[in-house]
Structure formats: C-alpha cells, structure tokens
>>> print(open('run.txt').read())   # compact mmCIF, C-alpha atoms
# COMPACT_ATOMS: atom_id res chain seq x y z
CA MET A 157 -167.72 -5.10 -43.12
CA PRO A 158 -168.76 -2.81 -40.27
CA HIS A 159 -166.43 -2.47 -37.34
CA SER A 160 -167.13 -1.30 -33.85
CA LYS A 161 -164.75 1.38 -32.64
CA THR A 162 -163.52 -0.73 -29.78
CA GLN A 163 -161.89 -4.01 -30.63
CA THR A 164 -164.19 -7.02 -30.63
CA GLN A 165 -163.88 -9.40 -27.70
CA VAL A 166 -163.49 -12.97 -28.85
CA PRO A 167 -165.61 -15.38 -26.81
CA ASP A 168 -164.06 -18.63 -25.66
CA ALA A 169 -165.43 -21.39 -27.84
CA GLY A 170 -164.41 -24.31 -25.64
CA ALA A 171 -161.43 -26.59 -26.07
CA GLN A 172 -162.77 -29.51 -28.08
CA SER A 173 -165.83 -30.50 -30.03
CA PRO A 174 -167.40 -33.93 -29.52
CA ALA A 175 -165.73 -35.05 -32.75
CA GLU A 176 -162.34 -34.11 -31.37
CA GLN A 177 -162.99 -35.93 -28.14
CA THR A 178 -163.73 -39.21 -29.92
CA ALA A 179 -160.66 -41.36 -30.48
CA ALA A 180 -160.25 -43.17 -33.78
CA PRO A 181 -160.01 -46.97 -33.73
CA ALA A 182 -156.57 -48.26 -32.82
CA SER A 183 -156.39 -51.22 -35.12
CA GLU A 184 -155.43 -49.67 -38.42
CA LEU A 185 -152.57 -47.64 -39.82
CA ARG A 186 -154.68 -46.26 -42.60
CA SER A 187 -156.17 -42.92 -41.68
CA ALA A 188 -159.71 -41.69 -42.00
CA ALA A 189 -160.75 -38.09 -42.16
CA PHE A 190 -161.09 -38.08 -38.40
CA ALA A 191 -159.50 -34.80 -37.49
CA ARG A 192 -160.78 -32.32 -40.02
CA THR A 193 -164.40 -33.40 -40.17
CA LYS A 194 -165.33 -31.51 -37.10
CA LEU A 195 -168.96 -31.41 -36.06
CA PRO A 196 -170.42 -27.92 -36.41
CA SER A 197 -170.15 -26.05 -33.14
CA ALA A 198 -173.09 -24.36 -31.48
CA GLY A 199 -173.97 -21.18 -33.31
CA GLU A 200 -171.61 -21.81 -36.21
CA ALA A 201 -174.27 -21.91 -38.93
CA GLU A 202 -175.82 -18.64 -37.77
CA ALA A 203 -172.46 -16.97 -37.35
CA LEU A 204 -171.46 -18.11 -40.81
CA VAL A 205 -174.51 -16.61 -42.49
CA GLN A 206 -174.08 -13.37 -40.56
CA ALA A 207 -170.36 -13.18 -41.29
CA GLN A 208 -171.06 -13.73 -44.98
CA ALA A 209 -173.39 -10.76 -44.78
CA GLY A 210 -170.58 -8.66 -43.30
CA ASP A 211 -171.21 -8.92 -39.56
CA HIS A 212 -167.88 -8.40 -37.85
CA HIS A 213 -168.99 -9.84 -34.50
CA ALA A 214 -170.10 -13.02 -36.26
CA PHE A 215 -166.69 -13.25 -37.92
CA ALA A 216 -165.07 -12.86 -34.50
CA HIS A 217 -167.23 -15.73 -33.27
CA LEU A 218 -166.09 -17.94 -36.17
CA TYR A 219 -162.52 -17.08 -35.23
CA SER A 220 -163.14 -18.15 -31.65
CA LEU A 221 -164.65 -21.44 -32.83
CA HIS A 222 -161.81 -22.35 -35.17
CA LYS A 223 -158.71 -20.59 -33.86
CA ARG A 224 -157.31 -23.60 -32.01
CA ARG A 225 -157.68 -25.98 -34.92
CA ILE A 226 -156.17 -23.58 -37.43
CA TYR A 227 -153.35 -22.45 -35.16
CA SER A 228 -152.56 -26.05 -34.18
CA LEU A 229 -152.53 -27.07 -37.83
CA CYS A 230 -150.16 -24.24 -38.77
CA LEU A 231 -147.95 -24.95 -35.77
CA ARG A 232 -147.65 -28.63 -36.59
CA MET A 233 -146.98 -27.98 -40.26
CA VAL A 234 -144.22 -25.43 -39.74
CA GLY A 235 -143.01 -26.37 -36.23
CA ASN A 236 -142.40 -22.73 -35.32
CA ILE A 237 -144.55 -20.52 -33.09
CA ALA A 238 -143.87 -17.16 -34.75
CA GLU A 239 -144.50 -18.54 -38.23
CA ALA A 240 -147.62 -20.34 -37.03
CA GLU A 241 -149.03 -17.08 -35.66
CA ASP A 242 -148.33 -15.26 -38.93
CA LEU A 243 -149.90 -18.07 -40.94
CA THR A 244 -152.96 -18.23 -38.69
CA GLN A 245 -153.41 -14.51 -39.21
CA GLU A 246 -153.03 -14.90 -42.98
CA ALA A 247 -155.50 -17.81 -43.03
CA PHE A 248 -158.18 -15.78 -41.23
CA LEU A 249 -157.50 -12.75 -43.43
CA GLN A 250 -158.03 -14.94 -46.48
CA LEU A 251 -161.14 -16.35 -44.84
CA HIS A 252 -162.41 -12.80 -44.40
CA ARG A 253 -161.79 -12.06 -48.07
CA LYS A 254 -163.36 -15.29 -49.32
CA ILE A 255 -166.09 -16.09 -46.83
CA ALA A 256 -168.84 -14.83 -49.12
CA THR A 257 -167.76 -17.41 -51.72
CA PHE A 258 -168.40 -20.36 -49.37
CA ARG A 259 -171.39 -22.21 -50.81
CA GLY A 260 -171.66 -25.11 -48.39
CA ASP A 261 -170.51 -27.87 -50.78
CA SER A 262 -168.45 -29.23 -47.88
CA ALA A 263 -168.53 -28.59 -44.14
CA PHE A 264 -167.31 -25.10 -43.29
CA SER A 265 -164.58 -26.52 -41.04
CA THR A 266 -163.31 -28.71 -43.92
CA TRP A 267 -163.29 -25.73 -46.28
CA LEU A 268 -161.48 -23.50 -43.78
CA HIS A 269 -159.03 -26.28 -42.99
CA ARG A 270 -158.12 -26.68 -46.64
CA LEU A 271 -157.81 -22.92 -47.03
CA ALA A 272 -155.35 -22.84 -44.12
CA ILE A 273 -153.32 -25.72 -45.56
CA ASN A 274 -153.05 -23.84 -48.84
CA VAL A 275 -151.82 -20.77 -46.97
CA VAL A 276 -149.11 -22.83 -45.26
CA LEU A 277 -148.09 -24.60 -48.47
CA MET A 278 -147.90 -21.29 -50.33
CA HIS A 279 -145.69 -19.95 -47.56
CA LEU A 280 -143.43 -23.00 -47.70
CA ARG A 281 -143.18 -22.80 -51.48
CA LYS A 282 -142.15 -19.16 -51.21
CA LYS A 283 -139.43 -20.32 -48.86
CA GLY A 284 -138.27 -22.71 -51.57
CA LEU A 285 -139.90 -25.99 -50.61
CA SER A 286 -140.78 -27.83 -53.81
CA VAL A 287 -141.31 -31.49 -54.56
CA ILE A 288 -137.63 -31.63 -55.44
CA SER A 289 -136.61 -30.23 -52.12
CA LEU A 290 -139.16 -32.53 -50.45
CA ASP A 291 -137.21 -35.45 -51.88
CA GLU A 292 -133.93 -33.89 -50.83
CA ALA A 293 -135.24 -33.25 -47.34
CA MET A 294 -136.34 -36.83 -47.19
CA ASP A 295 -133.05 -38.38 -48.21
CA PRO A 296 -133.22 -41.44 -46.00
CA ALA A 297 -130.91 -41.42 -43.04
CA ASP A 298 -129.33 -44.66 -41.89
CA GLU A 299 -132.15 -45.40 -39.54
CA ASP A 300 -134.69 -45.22 -42.38
CA ARG A 301 -133.13 -47.94 -44.47
CA PRO A 302 -134.66 -51.39 -44.53
CA GLY A 303 -133.04 -53.74 -42.10
CA ARG A 304 -131.52 -50.96 -40.01
CA SER A 305 -134.66 -49.58 -38.52
CA PHE A 306 -135.13 -51.80 -35.51
CA GLY A 307 -133.32 -53.83 -32.97
CA ALA A 308 -134.52 -57.12 -31.55
CA ARG A 309 -133.77 -56.18 -27.96
CA ASP A 310 -135.63 -52.86 -28.01
CA PRO A 311 -138.92 -52.91 -26.17
CA SER A 312 -142.12 -52.08 -28.01
CA LEU A 313 -143.26 -48.46 -28.18
CA ALA A 314 -146.78 -49.44 -27.17
CA GLY A 315 -147.78 -47.51 -24.07
CA ALA A 316 -144.46 -45.66 -24.06
CA ILE A 317 -145.34 -42.59 -26.14
CA ASP A 318 -146.44 -39.49 -24.32
CA ARG A 319 -147.93 -36.51 -26.06
CA MET A 320 -145.05 -34.14 -25.34
CA THR A 321 -142.36 -36.52 -26.59
CA LEU A 322 -144.29 -37.25 -29.77
CA THR A 323 -144.97 -33.56 -30.41
CA ARG A 324 -141.29 -32.75 -29.96
CA ALA A 325 -140.27 -35.58 -32.28
CA ILE A 326 -142.70 -34.37 -34.95
CA ASP A 327 -141.40 -30.81 -34.61
CA ASP A 328 -137.87 -32.11 -35.12
CA LEU A 329 -138.74 -33.88 -38.39
CA PRO A 330 -137.40 -32.32 -41.59
CA THR A 331 -140.07 -30.14 -43.24
CA GLY A 332 -140.97 -32.62 -45.97
CA TYR A 333 -141.42 -35.52 -43.58
CA ARG A 334 -143.37 -33.37 -41.15
CA LEU A 335 -145.78 -32.08 -43.81
CA ILE A 336 -146.82 -35.52 -45.00
CA PHE A 337 -146.98 -36.99 -41.51
CA VAL A 338 -149.14 -34.13 -40.22
CA LEU A 339 -151.44 -34.17 -43.23
CA HIS A 340 -151.93 -37.95 -43.21
CA ASP A 341 -151.58 -39.21 -39.66
CA ILE A 342 -152.83 -36.20 -37.71
CA GLU A 343 -155.18 -34.40 -40.10
CA GLY A 344 -156.54 -37.52 -41.77
CA TYR A 345 -155.99 -36.71 -45.45
CA GLU A 346 -155.66 -39.59 -47.90
CA HIS A 347 -152.61 -40.08 -50.08
CA ASN A 348 -154.41 -38.98 -53.24
CA GLU A 349 -155.39 -35.71 -51.55
CA ILE A 350 -151.86 -35.15 -50.26
CA ALA A 351 -150.38 -35.91 -53.68
CA GLU A 352 -152.64 -33.28 -55.18
CA MET A 353 -151.80 -30.70 -52.50
CA LEU A 354 -148.06 -31.28 -52.66
CA ASP A 355 -147.94 -31.89 -56.39
CA CYS A 356 -146.23 -35.26 -56.03
CA SER A 357 -147.16 -38.85 -56.86
CA ILE A 358 -149.31 -41.02 -54.59
CA GLY A 359 -146.43 -43.49 -54.36
CA ASN A 360 -144.14 -40.69 -53.23
CA SER A 361 -146.62 -39.68 -50.54
CA LYS A 362 -146.85 -43.26 -49.24
CA SER A 363 -143.11 -43.74 -49.28
CA GLN A 364 -142.36 -40.42 -47.55
CA LEU A 365 -144.98 -41.07 -44.88
CA HIS A 366 -143.36 -44.41 -44.18
CA LYS A 367 -139.95 -42.78 -43.88
CA ALA A 368 -141.38 -40.14 -41.57
CA ARG A 369 -142.82 -42.84 -39.29
CA LEU A 370 -139.49 -44.69 -39.30
CA ARG A 371 -137.71 -41.48 -38.38
CA LEU A 372 -140.18 -40.92 -35.54
CA ARG A 373 -139.74 -44.49 -34.37
CA HIS A 374 -136.01 -43.99 -34.19
CA ALA A 375 -136.44 -40.70 -32.27
CA LEU A 376 -139.00 -42.16 -29.86
CA ARG A 377 -136.88 -45.23 -29.18
CA SER A 378 -133.82 -43.08 -28.51
CA SER A 379 -135.87 -40.97 -26.13
CA SER A 380 -137.24 -44.09 -24.45
CA ARG A 381 -133.73 -45.52 -24.00
CA GLN A 382 -132.52 -42.25 -22.49
CA GLU A 383 -135.43 -42.28 -20.06
CA ALA A 384 -134.63 -45.86 -19.08
CA ARG A 385 -130.99 -44.95 -18.28
CA ARG A 386 -132.07 -42.21 -15.83
CA MET B 277 -150.56 -62.43 -51.45
CA LYS B 278 -147.91 -63.96 -53.61
CA GLU B 279 -146.60 -67.42 -52.82
CA ASN B 280 -143.00 -66.23 -52.62
CA ALA B 281 -143.98 -63.77 -49.87
CA ILE B 282 -143.06 -66.38 -47.28
CA ASN B 283 -139.47 -66.49 -48.56
CA MET B 284 -139.01 -62.73 -48.46
CA THR B 285 -136.11 -61.22 -46.59
CA CYS B 286 -136.82 -58.44 -44.10
CA ALA B 287 -135.34 -55.91 -46.51
CA GLU B 288 -137.63 -57.07 -49.31
CA PHE B 289 -140.65 -57.01 -47.04
CA GLN B 290 -139.84 -53.55 -45.68
CA ALA B 291 -139.30 -52.21 -49.19
CA GLN B 292 -142.92 -53.18 -49.90
CA LEU B 293 -144.25 -51.96 -46.57
CA PRO B 294 -145.20 -48.38 -47.57
CA GLU B 295 -147.35 -49.74 -50.39
CA LEU B 296 -148.83 -52.51 -48.21
CA ILE B 297 -149.74 -50.05 -45.46
CA GLY B 298 -151.12 -47.53 -47.95
CA SER B 299 -153.26 -50.21 -49.61
CA GLY B 300 -155.11 -50.99 -46.40
CA GLU B 301 -154.35 -54.70 -46.70
CA GLN B 302 -154.41 -56.88 -43.61
CA ILE B 303 -150.66 -56.82 -43.17
CA ALA B 304 -150.86 -58.90 -40.01
CA GLU B 305 -151.83 -61.83 -42.24
CA HIS B 306 -148.82 -61.41 -44.52
CA PRO B 307 -146.70 -64.62 -44.51
CA HIS B 308 -143.52 -62.69 -43.73
CA ILE B 309 -145.10 -60.93 -40.75
CA ARG B 310 -146.41 -64.23 -39.40
CA SER B 311 -142.93 -65.70 -39.47
CA CYS B 312 -140.73 -62.70 -38.56
CA ALA B 313 -140.73 -61.27 -35.03
CA LEU B 314 -138.57 -58.30 -36.00
CA CYS B 315 -140.92 -57.11 -38.74
CA ARG B 316 -143.90 -57.77 -36.46
CA ALA B 317 -142.29 -55.49 -33.89
CA LEU B 318 -141.64 -52.85 -36.55
CA LEU B 319 -145.23 -52.97 -37.72
CA ALA B 320 -146.54 -52.78 -34.16
CA ASP B 321 -144.42 -49.69 -33.50
CA LEU B 322 -145.61 -48.01 -36.69
CA GLU B 323 -149.21 -48.72 -35.68
CA THR B 324 -148.52 -47.29 -32.23
CA ILE B 325 -147.07 -44.10 -33.74
CA ALA B 326 -149.98 -43.66 -36.15
CA GLU B 327 -152.45 -44.21 -33.34
CA ALA B 328 -150.64 -41.79 -31.02
CA ALA B 329 -150.69 -39.17 -33.79
CA ARG B 330 -154.47 -39.49 -34.03
CA GLN B 331 -154.72 -38.58 -30.37
CA LEU B 332 -152.95 -35.26 -30.92
CA PHE B 333 -156.05 -33.13 -30.73
CA PRO B 334 -155.65 -29.46 -31.52
CA ILE B 335 -155.25 -27.94 -28.10
CA GLU B 336 -152.64 -25.31 -28.83
CA GLU B 337 -154.05 -21.92 -28.03
CA PRO B 338 -153.00 -18.93 -30.11
CA PRO B 339 -152.09 -15.82 -28.11
CA ASP B 340 -154.97 -13.43 -27.37
CA GLU B 341 -153.14 -10.65 -29.21
CA LEU B 342 -153.48 -12.55 -32.47
CA TRP B 343 -157.13 -11.60 -32.83
CA ASP B 344 -156.23 -7.93 -32.27
CA GLN B 345 -153.70 -8.20 -35.10
CA ILE B 346 -156.19 -9.90 -37.40
CA GLU B 347 -158.82 -7.31 -36.63
CA LEU B 348 -156.35 -4.53 -37.33
CA ALA B 349 -155.32 -6.13 -40.62
CA ILE B 350 -158.98 -6.48 -41.65
CA GLN B 351 -159.63 -2.82 -40.87
CA LYS B 352 -156.55 -1.85 -42.83
CA GLU B 353 -157.72 -3.83 -45.84
CA GLU B 354 -161.20 -2.35 -45.65
CA ASN B 355 -159.84 1.17 -45.47
CA SER B 356 -157.42 0.58 -48.31
CA PRO B 357 -158.11 2.83 -51.35
CA ASP B 358 -157.46 -0.20 -53.61
CA ARG B 359 -160.46 -2.00 -52.16
CA GLY B 360 -163.51 -2.54 -54.27
>>> encode(input="run.txt", output="structure tokens")
Amino acid sequence: MPHSKTQTQVPDAGAQSPAEQTAAPASELRSAAFARTKLPSAGEAEALVQAQAGDHHAFAHLYSLHKRRIYSLCLRMVGNIAEAEDLTQEAFLQLHRKIATFRGDSAFSTWLHRLAINVVLMHLRKKGLSVISLDEAMDPADEDRPGRSFGARDPSLAGAIDRMTLTRAIDDLPTGYRLIFVLHDIEGYEHNEIAEMLDCSIGNSKSQLHKARLRLRHALRSSSRQEARR
Amino acid sequence: MKENAINMTCAEFQAQLPELIGSGEQIAEHPHIRSCALCRALLADLETIAEAARQLFPIEEPPDELWDQIELAIQKEENSPDRG
C-alpha cells in the first residue's frame, strides 16, 4: 500500500450516524442488532473500494469513519483505556491485512465490528479468560441470588440512571459479566451469536446476562441511595 | 404459561427469569408478575437498565496519536522483509 512521506491527516467523520441517533424502542428487554448495523457513512463505499486497492488515504478515511465505534467497543469490553487503545490499533492493523478479503456478504461496519470483537476476545483469552474463568468470574454474589436482589422500599430506577453512572457501573463489572452485557445489551448481539463467540452455551449466556443486570441494578441502586443521602 | 405459575414463589420465578427474558415472552402477562409487586419492580428495573444500555452510543474518541501509531505499524509491516 503506498504511503505518503508525511503522515496522513485523518478527517473528522462526525460523531454519530443517523442509525446511532435513533433510539431503540423502550418496551422490550430483548435486544435487536441496533448498535452494530450502522448505516453506511458518506463516502464509505468509495473509500472501501479504494482501500481494497491499496489506497492509503482511503484507508485513513475508513479509520476516521469507524474509529469511535471500534474504540468505544474495545473500551467497553475491557474497561481500560490503555488496553482499548492497543486493541483498537490491533483491530485496524488486522483490518489493513484483511481488507482485500471483504466480499460484501454483510455490511462493512458489521464485518469490522466482528473483527474487532475477535481481536478483543483473543486478547482476553491470552490473558487467561476462558469459559471456565467466565463462570468463576460470575460466581453470584449475594445480591445476585433470587430473593435478595431487591428491596420493597427502594424507589424504581426509571429516570434515575445517568450515562456516567451506568458507564462506571459497567466498567466495574467483572470481565465475564461485562463481556456478555456489552455484547448483548449495548452491541445488540443475540444469545446464539454470543454463545458462539464465547464458546459457551446459549443458556449460560442468558443466565450470565441476567446476573450482570442484577449486579448493575445493585450498583445503580447503591449509587442512587448515596446520592439521596447527600 | 403453566397453571402452577400463579403459585410460584419469588425465588422460583426469578430462577426462571433469565430464560423468560431470553425467550422474548410477554413477561408482564406472567401470573406471578401480575400478583407480585416486588418482582414487577425487579422486572421494571431490568428493563430500565437494558434500555439505558441501548442509549450508550459510541461517543468515546480515541486519542489523535492513535492513528499515527497505526500508520507507523502499517509502514513497519509493509517494509518487513517477511512480507509477501
């Protein structure tokens, strides 16, 4: 791939696509593939063809279009800025190596998204996260057990969750909980897809997602109570 | 839904909840939910959390230097004698 001698300036691709700006319906717990099916951004198709032909500037443009989504995904999956930066770099390096193999069977953003998830999962496996350790990480704490997870006098969480508190609570989840919660509730993957990615059963995915939500509920309620005392 | 669902304890209902949620059933119509305020509150909170998660659009911005590093790594790979 040809390179200019000076480093390529990455144009700003804008914060959100129309797909990202559209909220999913509030009435159901079950997720749809709302987050990863991003509408193609302006110029993406052209840039893709050019990047596949080895145009470095076109590749830089693809980076600018997708950097936020991929970085955000990595950050949410690992909960650590330095690791997220390394993984974003690795994902785009892999994209550079494999871009010519993209045949358009799915949307480019979906393909890239899955590639990035695989990079993160590979990284976590190297660190020793397996299905066994997923189960260990998800050993239910007291607050996760049936009958202990709520109190009658606690107010509802509806309208009480702000973005920052939720993000912090997700970051504080154990790795196994966080992975499944991010993949299902934020990224919109179905349990069968998650089971395949994480090499676990569909039932395990459902059960761990539920435990993750219970853990978040406990954290958010604690945070809400602390706020109320101030 | 099974007839004995109405006689379920909270613990029994909550043990089934992951599967019920994952199945996409109308849990609000479940006999236990209709009769139990505590489990209704639990379900409402879980719905609120799932909905709030959907609103977490990817707005985190990677540092500008990251592209420089990626570009450098690409150049390094392309100049590697092992390439091709």
>>> atom_distance(input="run.txt", atom1="CA of Asn360 in chain A", atom2="CA of Asn274 in chain A")
19.6 Å
>>> closest_residue(input="run.txt", among="B:Ser311, B:Ile303, B:Ala287, B:Gln292", to="chain A", atoms="all atoms listed in the file")
B:Ala287
>>> closest_atom_pairs(input="run.txt", of="chain B", to="chain A", cutoff="6 Å", atoms="all atoms listed in the file", output="JSON lines")
{"residue": "B:Ala287", "atom": "CA", "partner": "A:Pro302", "partner_atom": "CA", "distance": 5.0}
{"residue": "B:Gln290", "atom": "CA", "partner": "A:Pro302", "partner_atom": "CA", "distance": 5.7}
{"residue": "B:Pro294", "atom": "CA", "partner": "A:Ser363", "partner_atom": "CA", "distance": 5.4}
{"residue": "B:Asp321", "atom": "CA", "partner": "A:Leu313", "partner_atom": "CA", "distance": 5.6}
{"residue": "B:Glu323", "atom": "CA", "partner": "A:Leu185", "partner_atom": "CA", "distance": 5.4}
{"residue": "B:Thr324", "atom": "CA", "partner": "A:Ala314", "partner_atom": "CA", "distance": 5.8}
{"residue": "B:Ala326", "atom": "CA", "partner": "A:Asp341", "partner_atom": "CA", "distance": 5.9}
{"residue": "B:Glu327", "atom": "CA", "partner": "A:Ala182", "partner_atom": "CA", "distance": 5.8}
{"residue": "B:Ala329", "atom": "CA", "partner": "A:Ile342", "partner_atom": "CA", "distance": 5.4}
{"residue": "B:Arg330", "atom": "CA", "partner": "A:Ile342", "partner_atom": "CA", "distance": 5.2}
{"residue": "B:Pro334", "atom": "CA", "partner": "A:Arg225", "partner_atom": "CA", "distance": 5.3}
{"residue": "B:Glu336", "atom": "CA", "partner": "A:Ser228", "partner_atom": "CA", "distance": 5.4}
{"residue": "B:Glu337", "atom": "CA", "partner": "A:Arg224", "partner_atom": "CA", "distance": 5.4}
{"residue": "B:Ile346", "atom": "CA", "partner": "A:Gln245", "partner_atom": "CA", "distance": 5.7}
>>> axis_aligned_box(input="run.txt", around="range 329-340 of chain B", padding_each_side="4 Å", output="lines of an AutoDock Vina configuration file")
center_x = -153.4
center_y = -26.5
center_z = -30.7
size_x = 13.4
size_y = 34.1
size_z = 14.7
>>> atom_distance(input="run.txt", atom1="CA of Arg281 in chain A", atom2="CA of Met353 in chain A")
11.7 Å
>>> closest_residue(input="run.txt", among="B:Leu342, B:Leu348, B:Leu293, B:Leu332", to="Leu319 in chain B", atoms="only C-alpha atoms")
B:Leu293
>>> atom_distance(input="run.txt", atom1="CA of Asn283 in chain B", atom2="CA of Arg371 in chain A")
27.1 Å
>>> residues_around(input="run.txt", residues="Leu268 in chain A", least_positions_apart="3", cutoff="9 Å", atoms="all atoms listed in the file", output="list in words")
His222, Ile226, Ala247, Phe248, Leu251, Ala263, Phe264, Ser265, Leu271, Ala272 and Ile273 of chain A
